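Student: Before we start, here is the structure in question, set down as structure tokens.
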Amino acid sequence: MLSLLKTFCLLLCCSAVFAQQHPATFFTTTEAAEVKKNIAKYPLLKESYDDIKKDTDKWLGKDIDVPFPKDPAGGYTHDKHKQNYMLMFNAGVLYNLTGEAKYATFTKNILLKYAALNPTLKNHPEATSSSPGRIFWQALNDANWLVYTGMAYDLVYHSITAAERKIIEAGAFKPEVDFITKDLNSWFNLIHNHAVWACAGIGIVGIATNNKDYVDMALYGSKKDGKTGFIALMDGLFSPDGYYTEGPYYVRYALLPYYVFATALNHAKPELKIFQHRNSILKKALDGGLQQTNTDGTFFALNDALKEKDFTTNELVTAISVAWNVYGKDDALLYVAEKQNRVLLNKGGVGIAAAIAANKNLPAYFPYKTVEFTDGKNGDEGGVSILRSGSGKKLTTLIYKYSAHGLSHGHYDKLNYNLYDKGNEILSDYGAVRFIGVEQKYGGRYLPETKTYAAQTIAHNTLVADETSHFGAKEAVAENFHADKLYSSIKNKNVQVVIAKDDNAYKGIAMKRGVYMIELPDGKKVIADLFSAAAATEHQYDLPFHYNGDLIWTSVKYKSYAARQETLGNKNGYQHLWKEAEAAVNDSLVQLTLLNNRTYYTISSLVQGAGTVFFTRSGANDPNFNLRHEPAMIIRKKGTDALFVNVTEIHGSFDPINEFSAGAYAEVKNIRVLQQDASYIVVEIELNNKKLIIAQHNTNMNEQQANSAAGFSWTGPVGVFYDGKKIN
């Protein structure tokens with residue numbers, strides 16, 4: 001009995017200690033002391049500290065406006081509330097690092113204003129979705145507010161009287177928590193990036209206010225059954241290797257709440273070992289997200305994405321500073337941190353600042369590599385392959401997407417690929433139509449053309465049948481299917497190949513695409529692409545090549561519509577494409593040479609039989625001027641089956657200063673299909689006086705299988721020969 005009593009008392013004691021330990025979200029008292037003693041020691045830490053101190057100090061002593069919400073994103077009230085939660089958070093951090101009460105008082109006074117405001121709020125007047133906000137136009141932004149305001153409250157907790165804490169917890173936090181977990185219950189319980197922010201916000205407020213109910217709902221969903229909530233979001237949105245199903249743009253956005261709430265849980269509930277969950281899935285997510293960037297740091301524009309976002313954003317600064325402390329030193333993270341030129345004022349930030357101060361030989365380039373990701377929580381829903389050739393400023397990257405749909409931000413783009421070279425996007429993906437933070441453009445929301453054009457199949461570099469999008473552009477249908485990788489070989493730098501298929505995007509049409517990144521013995525890079533479609537009935541097949549650059553030359557004799565233009569079609573994205581020119585072709589090699597930032601690129605495509613080539617530009621039926629005007633070449637063929645053999649060649653250079661071009665003409669002179677049947681596709685690509693042969697088995701992907709076709713013999717699904725020699 002005495003032993004049981006001692007145990008019970010110990011539990012009470014531990015519970016009381018947990019309830020009184022503040023701060024426990026952003027950092028602990030011990031960690032704050034570590035930061036404080038090193039501020040003057042490391043320049044980057046000092047600069048980061050000085051920046052937030054300068055930004056905060058100019059507001060001290062002023063009456064901070066907490067306006068009644070009325071504006072969408074980009075408007076005064078929206079931006080003011082966003083500024084307020086960052087001010088409260090930064091002042092809370094400064095209070096812990098300086099010990100000066102003025103920072104705590106500043107945060108407390110703003111919190112008390114929200115305690116008066118929040119109970120009076122109904123749905124935001126600018127709300128347009130099924131998840132309206134109260135402080136902001138959408139609940140997602142309210143969740144952002146909870147994340148930062150919750151941490152701010154925790155950081156100044158002990159400077160606030162018990163009576164004031166009661167007012168703040170009941171007035172500022174409870175209305176928001178109740179609204180999100182009750183009124184927006186279905187939204188809170190989603191498996192989606194919005195729910196990551198919602199759960200992080202509720203959970204951080206729970207830790208800050210010692211409210212176990214809030215923490216449990218955040219972790220395990222509103223029913224606390226584990227089917228939803230933060231743990232389920234760690235399990236459901238990532239594949240086992242860390243690919244985030246909504247794509248690279250949204251893993252950037254989700255990393256912040258994942259890492260911030262995980263930090264708070266690591267302090268308050270260390271028994272969860274949250275950073276080790278699913279074999280350190282958050283580390284894989286960060287590492288994988290960074291691999292899904294271009295050499296300038298911008299995230300690949302898969303699905304809904306804004307191309308301006310890069311790895312210097314606040315989300316990545318946060319994740320990297322936390323990861324450095326939790327997962328250890330990493331040269332890749334150090335490279336990014338140096339580019340970010342700021343750190344969090346936490347223990348990881350100290351470590352990064354120290355490493356940068358001590359390291360005179362920082363990495364010159366991020367360690368990009370060829371990498372393949374699976375999709376789906378079990379890794380069985382297709383994936384994304386990122387093939388790379390070269391290094392540094394001469395890196396070439398091919399992104400091949402054969403993944404699941406990507407939830408509400410997914411695009412209808414099965415078997416799509418994009419090409420980057422020397423830091424430039426060559427074969428492009430539109431991304432999303434949105435001017436985030438710009439009030440004049442529909443309050444910064446996604447614009448209608450995201451759905452009517454950017455998400456449609458014709459806006460991507462993949463096959464369109466009968467001028468309709470994959471899955472009829474219906475998310476509910478697309479979410480049930482994914483493409484499948486049949487084979488890949490990525491270890492040989494001379495030939496990297498991925499073959500994938502999709503049988504569901506169009507009923508009755510089987511699509512297969514083999515993509516090859518080839519580095520020839522002389523260092524020349526070519527991308528070869530064998531895209532086949534098979535059906536029992538006749539279809540119209542369109543294969544677009546959306547490109548960035550100036551059209552220099554084309555092999556076809558086209559009819560230009562310079563005086564009067566029509567759209568390519570009237571729906572499914574076609575209504576947004578101006579038809580600038582077209583050409584009829586027959587058994588032809590269609591070639592287009594473009595110039596992008598001093599390098600030439602030529603797309604060569606074999607058209608067997610009759611076909612049509614269209615030259616288009618986005619921007620039609622766009623009365624509000626929302627779309628960028630971007631060019632494309634679209635190859636159209638009709639038939640039951642179709643085979644597109646395409647080669648993208650990187651060649652030459654242009655010097656505008658000295659008015660000189662070298663290697664401006666393509667080396668690809670001809671493409672022939674040597675064999676095409678149920679078992680094999682064998683093609684011959686003539687580059688000047690040498691021949692590149694690609695032989696691909698259509699069904700047998702056994703790496704030990706001996707194959708023979710069109711006079712060539714090889715082992716495995718593919719054989720690649722150049723100048724009479726096998727190179728793969």
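In the structure tokens, each chain is lettered A, B, ... as it comes, each chain's residues begin at 1, and ligands are numbered from 1 in order of appearance.
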Which parts of region 47-113 of chain A does DSSP call helix (DSSP H, G or I) when run on the backbone here, written out as JSON, numbers by chain?

Tutor: {"A": [47, 48, 49, 50, 51, 52, 53, 54, 55, 56, 57, 76, 77, 78, 79, 80, 81, 82, 83, 84, 85, 86, 87, 88, 89, 90, 91, 92, 93, 94, 95, 96, 97, 98, 101, 102, 103, 104, 105, 106, 107, 108, 109, 110, 111, 112, 113]}

Student: Could I get the residues of region 401-445 of chain A with an atom no further than 8 Å from an atom of region 470-481 of chain A, each paired with its nearest atom pair and that distance in Å to one decimal, using only C-alpha atoms, sorted by chain and residue number, as JSON lines?

Tutor:
```
{"residue": "A:Ala404", "atom": "CA", "partner": "A:Phe481", "partner_atom": "CA", "distance": 6.5}
{"residue": "A:His405", "atom": "CA", "partner": "A:Glu479", "partner_atom": "CA", "distance": 5.5}
{"residue": "A:Gly406", "atom": "CA", "partner": "A:Glu479", "partner_atom": "CA", "distance": 7.5}
{"residue": "A:Leu407", "atom": "CA", "partner": "A:Glu479", "partner_atom": "CA", "distance": 6.7}
{"residue": "A:Ser408", "atom": "CA", "partner": "A:Glu475", "partner_atom": "CA", "distance": 7.0}
{"residue": "A:Gly410", "atom": "CA", "partner": "A:Glu475", "partner_atom": "CA", "distance": 7.9}
{"residue": "A:Tyr412", "atom": "CA", "partner": "A:His470", "partner_atom": "CA", "distance": 5.4}
{"residue": "A:Asp413", "atom": "CA", "partner": "A:His470", "partner_atom": "CA", "distance": 7.0}
{"residue": "A:Lys414", "atom": "CA", "partner": "A:His470", "partner_atom": "CA", "distance": 7.5}
```

Student: For the residues in that selection, give me N, CA and C atoms as a PDB file, in the first residue's frame.

Tutor:
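File part36.pdb, as written:
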```pdb
ATOM      1  N   ALA A 404       0.115   9.083 -57.374  1.00  0.00           N
ATOM      2  CA  ALA A 404      -1.302   9.223 -57.066  1.00  0.00           C
ATOM      3  C   ALA A 404      -1.728  10.651 -57.402  1.00  0.00           C
ATOM      4  N   HIS A 405      -3.005  10.951 -57.208  1.00  0.00           N
ATOM      5  CA  HIS A 405      -3.519  12.233 -57.683  1.00  0.00           C
ATOM      6  C   HIS A 405      -2.967  13.423 -56.901  1.00  0.00           C
ATOM      7  N   GLY A 406      -2.912  13.335 -55.570  1.00  0.00           N
ATOM      8  CA  GLY A 406      -2.394  14.454 -54.782  1.00  0.00           C
ATOM      9  C   GLY A 406      -3.458  15.252 -54.064  1.00  0.00           C
ATOM     10  N   LEU A 407      -4.596  14.596 -53.746  1.00  0.00           N
ATOM     11  CA  LEU A 407      -5.692  15.220 -52.999  1.00  0.00           C
ATOM     12  C   LEU A 407      -6.225  16.444 -53.745  1.00  0.00           C
ATOM     13  N   SER A 408      -6.721  17.421 -53.014  1.00  0.00           N
ATOM     14  CA  SER A 408      -7.413  18.541 -53.662  1.00  0.00           C
ATOM     15  C   SER A 408      -6.478  19.439 -54.464  1.00  0.00           C
ATOM     16  N   GLY A 410      -4.109  18.144 -56.470  1.00  0.00           N
ATOM     17  CA  GLY A 410      -3.555  17.340 -57.544  1.00  0.00           C
ATOM     18  C   GLY A 410      -3.970  17.817 -58.923  1.00  0.00           C
ATOM     19  N   TYR A 412      -4.287  16.633 -63.219  1.00  0.00           N
ATOM     20  CA  TYR A 412      -4.633  15.469 -64.041  1.00  0.00           C
ATOM     21  C   TYR A 412      -3.512  15.266 -65.058  1.00  0.00           C
ATOM     22  N   ASP A 413      -2.422  14.652 -64.597  1.00  0.00           N
ATOM     23  CA  ASP A 413      -1.177  14.659 -65.376  1.00  0.00           C
ATOM     24  C   ASP A 413      -0.408  13.352 -65.268  1.00  0.00           C
ATOM     25  N   LYS A 414      -1.092  12.239 -65.404  1.00  0.00           N
ATOM     26  CA  LYS A 414      -0.396  10.957 -65.330  1.00  0.00           C
ATOM     27  C   LYS A 414       0.665  10.856 -66.432  1.00  0.00           C
TER      28      LYS A 414
END
```

Student: Would you pick out the contacts of Thr29 (chain A) at 12 Å or less, using only C-alpha atoms, so that residues sharing its chain but fewer than 5 positions from it are not included, and give the list as a list in words?

Tutor: Gln21, His22, Pro23, Ala24, Glu34, Val35, Lys36, Val93, Tyr95, Asn96, Leu97, Gly99, Asp154, Leu155, Val156, His158, His267, Asn346 and Lys347 of chain A

Student: Can you pull out every residue within 7 Å of Ala264 (chain A), counting only C-alpha atoms, but drop anything in the same chain fewer than 2 positions away, and send it as an mmCIF file with N, CA and C atoms, in the first residue's frame?

Tutor:
```cif
data_model
loop_
_atom_site.group_PDB
_atom_site.id
_atom_site.type_symbol
_atom_site.label_atom_id
_atom_site.label_comp_id
_atom_site.auth_asym_id
_atom_site.auth_seq_id
_atom_site.Cartn_x
_atom_site.Cartn_y
_atom_site.Cartn_z
ATOM 1 N N ALA A 24 7.527 25.495 -23.155
ATOM 2 C CA ALA A 24 7.678 24.098 -23.551
ATOM 3 C C ALA A 24 7.342 23.871 -25.016
ATOM 4 N N THR A 25 7.046 24.931 -25.744
ATOM 5 C CA THR A 25 6.667 24.752 -27.149
ATOM 6 C C THR A 25 7.844 25.060 -28.070
ATOM 7 N N PHE A 26 8.174 26.327 -28.229
ATOM 8 C CA PHE A 26 9.256 26.698 -29.144
ATOM 9 C C PHE A 26 10.607 26.244 -28.616
ATOM 10 N N ILE A 204 -0.459 22.868 -29.884
ATOM 11 C CA ILE A 204 0.438 23.845 -29.250
ATOM 12 C C ILE A 204 -0.312 24.665 -28.213
ATOM 13 N N VAL A 260 7.285 22.196 -35.919
ATOM 14 C CA VAL A 260 7.047 23.023 -34.734
ATOM 15 C C VAL A 260 6.255 22.250 -33.682
ATOM 16 N N PHE A 261 5.191 21.570 -34.104
ATOM 17 C CA PHE A 261 4.417 20.805 -33.124
ATOM 18 C C PHE A 261 5.228 19.620 -32.609
ATOM 19 N N ALA A 262 6.014 18.996 -33.484
ATOM 20 C CA ALA A 262 6.866 17.898 -33.030
ATOM 21 C C ALA A 262 7.863 18.384 -31.981
ATOM 22 N N ASN A 266 8.081 16.985 -28.299
ATOM 23 C CA ASN A 266 9.347 16.439 -27.825
ATOM 24 C C ASN A 266 9.696 16.970 -26.440
ATOM 25 N N HIS A 267 9.274 18.208 -26.173
ATOM 26 C CA HIS A 267 9.493 18.790 -24.848
ATOM 27 C C HIS A 267 8.456 18.312 -23.841
ATOM 28 N N ALA A 268 7.187 18.321 -24.240
ATOM 29 C CA ALA A 268 6.097 18.056 -23.302
ATOM 30 C C ALA A 268 5.751 16.581 -23.165
#
```

Student: Give me, as a ChimeraX atom specification, all polymer residues having an atom no more than 8 Å from region 415-429 of chain A, counting only C-alpha atoms and skipping those fewer than 3 positions away in the same chain.

Tutor: /A:294-296,301-302,393-402,459-462,483,500-502,512-513,545-549,596-597

Student: Using only C-alpha atoms, which residue out of A:Leu568, A:Val585, A:Leu530, A:Ala198 lies closest to Gly611 (chain A)?

Tutor: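 Ranked by minimum distance to Gly611 (chain A), first place goes to A:Val585.
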
Student: Rank A:Ala710, A:Ser159, A:Ala454, A:Asn341 by their smallest atom-to-atom distance to Asn303 (chain A), using only C-alpha atoms, and report the top residue only.

Tutor: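 Distance minimum relative to Asn303 (chain A) lands on A:Ala454.
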
Student: A:Met701, A:Leu595, A:Ala662, A:Ala254: which is nearest Gly716 (chain A), counting only C-alpha atoms?

Tutor: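 Smallest distance to Gly716 (chain A) is found for A:Met701.
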
Student: Write out as a list of chain:residue names the residues lying within 8 Å of Leu255 (chain A), counting only C-alpha atoms and excluding same-chain residues fewer than 2 positions away.

Tutor: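 Listed by chain and then number, they are A:Val251, A:Arg252, A:Tyr253, A:Pro257, A:Tyr258, A:Tyr259, A:Leu282, A:Ala285, A:Leu286, A:Glu315, A:Leu316, A:Ala319.
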
Student: Would you work out the distance separating CA of Gln575 (chain A) from CA of Glu630 (chain A), expressed in Å to one decimal?

Tutor: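 Atom-to-atom, CA of Gln575 (chain A) to CA of Glu630 (chain A), that is 14.3 Å.
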
Student: Report, in Å to a single decimal, how far apart CA of Lys369 (chain A) and CA of Ile281 (chain A) are.

Tutor: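 For CA of Ile281 (chain A) relative to CA of Lys369 (chain A), the distance reads 19.6 Å.
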